[in-house]
Amino acid sequence: MRHELTEPVHWQGRQWAVTGYGIEALNGMYHVAAEQIWPESNGTLPWLDALCRRYGTDRDDLNAALKVARSTWSACPSPERATRRHSSPRAIPA
């Protein structure tokens with residue numbers, strides 16, 4: 001199942017894409033805003049840990065998407081630059 005990705009699409013892998021929004025699952029189930037691709041002040045990425053624990057997550061593809069996303073946005077963008085386009089995104093459990 002595929003959904004419409006936020007334009008522009010910078011990179012598309014097997015399960016994940018880097019888009020104008022951030023990182024999006026091709027099936028539309030999960031999306032991470034561009035400002036969330038950088039570690040928190042304690043050096044962690046809780047969303048990444050949560051997604052990697054989920055059955056069926058292609059970890060190599062997700063790590064590749066994160067690498068591309070960080071090269072696309074060499075610094076943390078402002079919240080205005082990466083606004084949420086989905087009205088009710090699926091929460092990523094911790």
# chains A, B, ... in the order shown; residues from 1 in each chain; ligands from 1

call {"tool": "residues_around", "arguments": {"residues": "Ala64 in chain A", "least_positions_apart": "6", "cutoff": "12 Å", "atoms": "only C-alpha atoms", "output": "JSON, numbers by chain"}}
result
{"A": [11, 12, 13, 14, 15, 16, 17, 18, 23, 58, 70, 71]}

call {"tool": "closest_residue", "arguments": {"among": "A:Glu35, A:His10, A:Leu66, A:Tyr30", "to": "Ala50 in chain A", "atoms": "only C-alpha atoms"}}
result
A:Tyr30

call {"tool": "residues_around", "arguments": {"residues": "Leu48 in chain A", "least_positions_apart": "5", "cutoff": "9 Å", "atoms": "only C-alpha atoms", "output": "list in words"}}
result
Ile37, Arg53, Leu62 and Asn63 of chain A

call {"tool": "select_by_dssp", "arguments": {"residues": "range 4-76 of chain A", "states": "helix (DSSP H, G or I)", "output": "VMD selection string"}}
result
chain A and resid 34 to 36 46 to 53 59 to 72

call {"tool": "atom_distance", "arguments": {"atom1": "CA of Ala25 in chain A", "atom2": "CA of Asn42 in chain A"}}
result
25.7 Å

call {"tool": "closest_residue", "arguments": {"among": "A:Asp49, A:Ala65, A:Leu5, A:Tyr55", "to": "Asn27 in chain A", "atoms": "only C-alpha atoms"}}
result
A:Leu5

call {"tool": "atom_distance", "arguments": {"atom1": "CA of His3 in chain A", "atom2": "CA of Gly28 in chain A"}}
result
5.4 Å

call {"tool": "closest_residue", "arguments": {"among": "A:Thr19, A:Thr44, A:Thr57, A:Cys52", "to": "Val32 in chain A", "atoms": "only C-alpha atoms"}}
result
A:Thr19
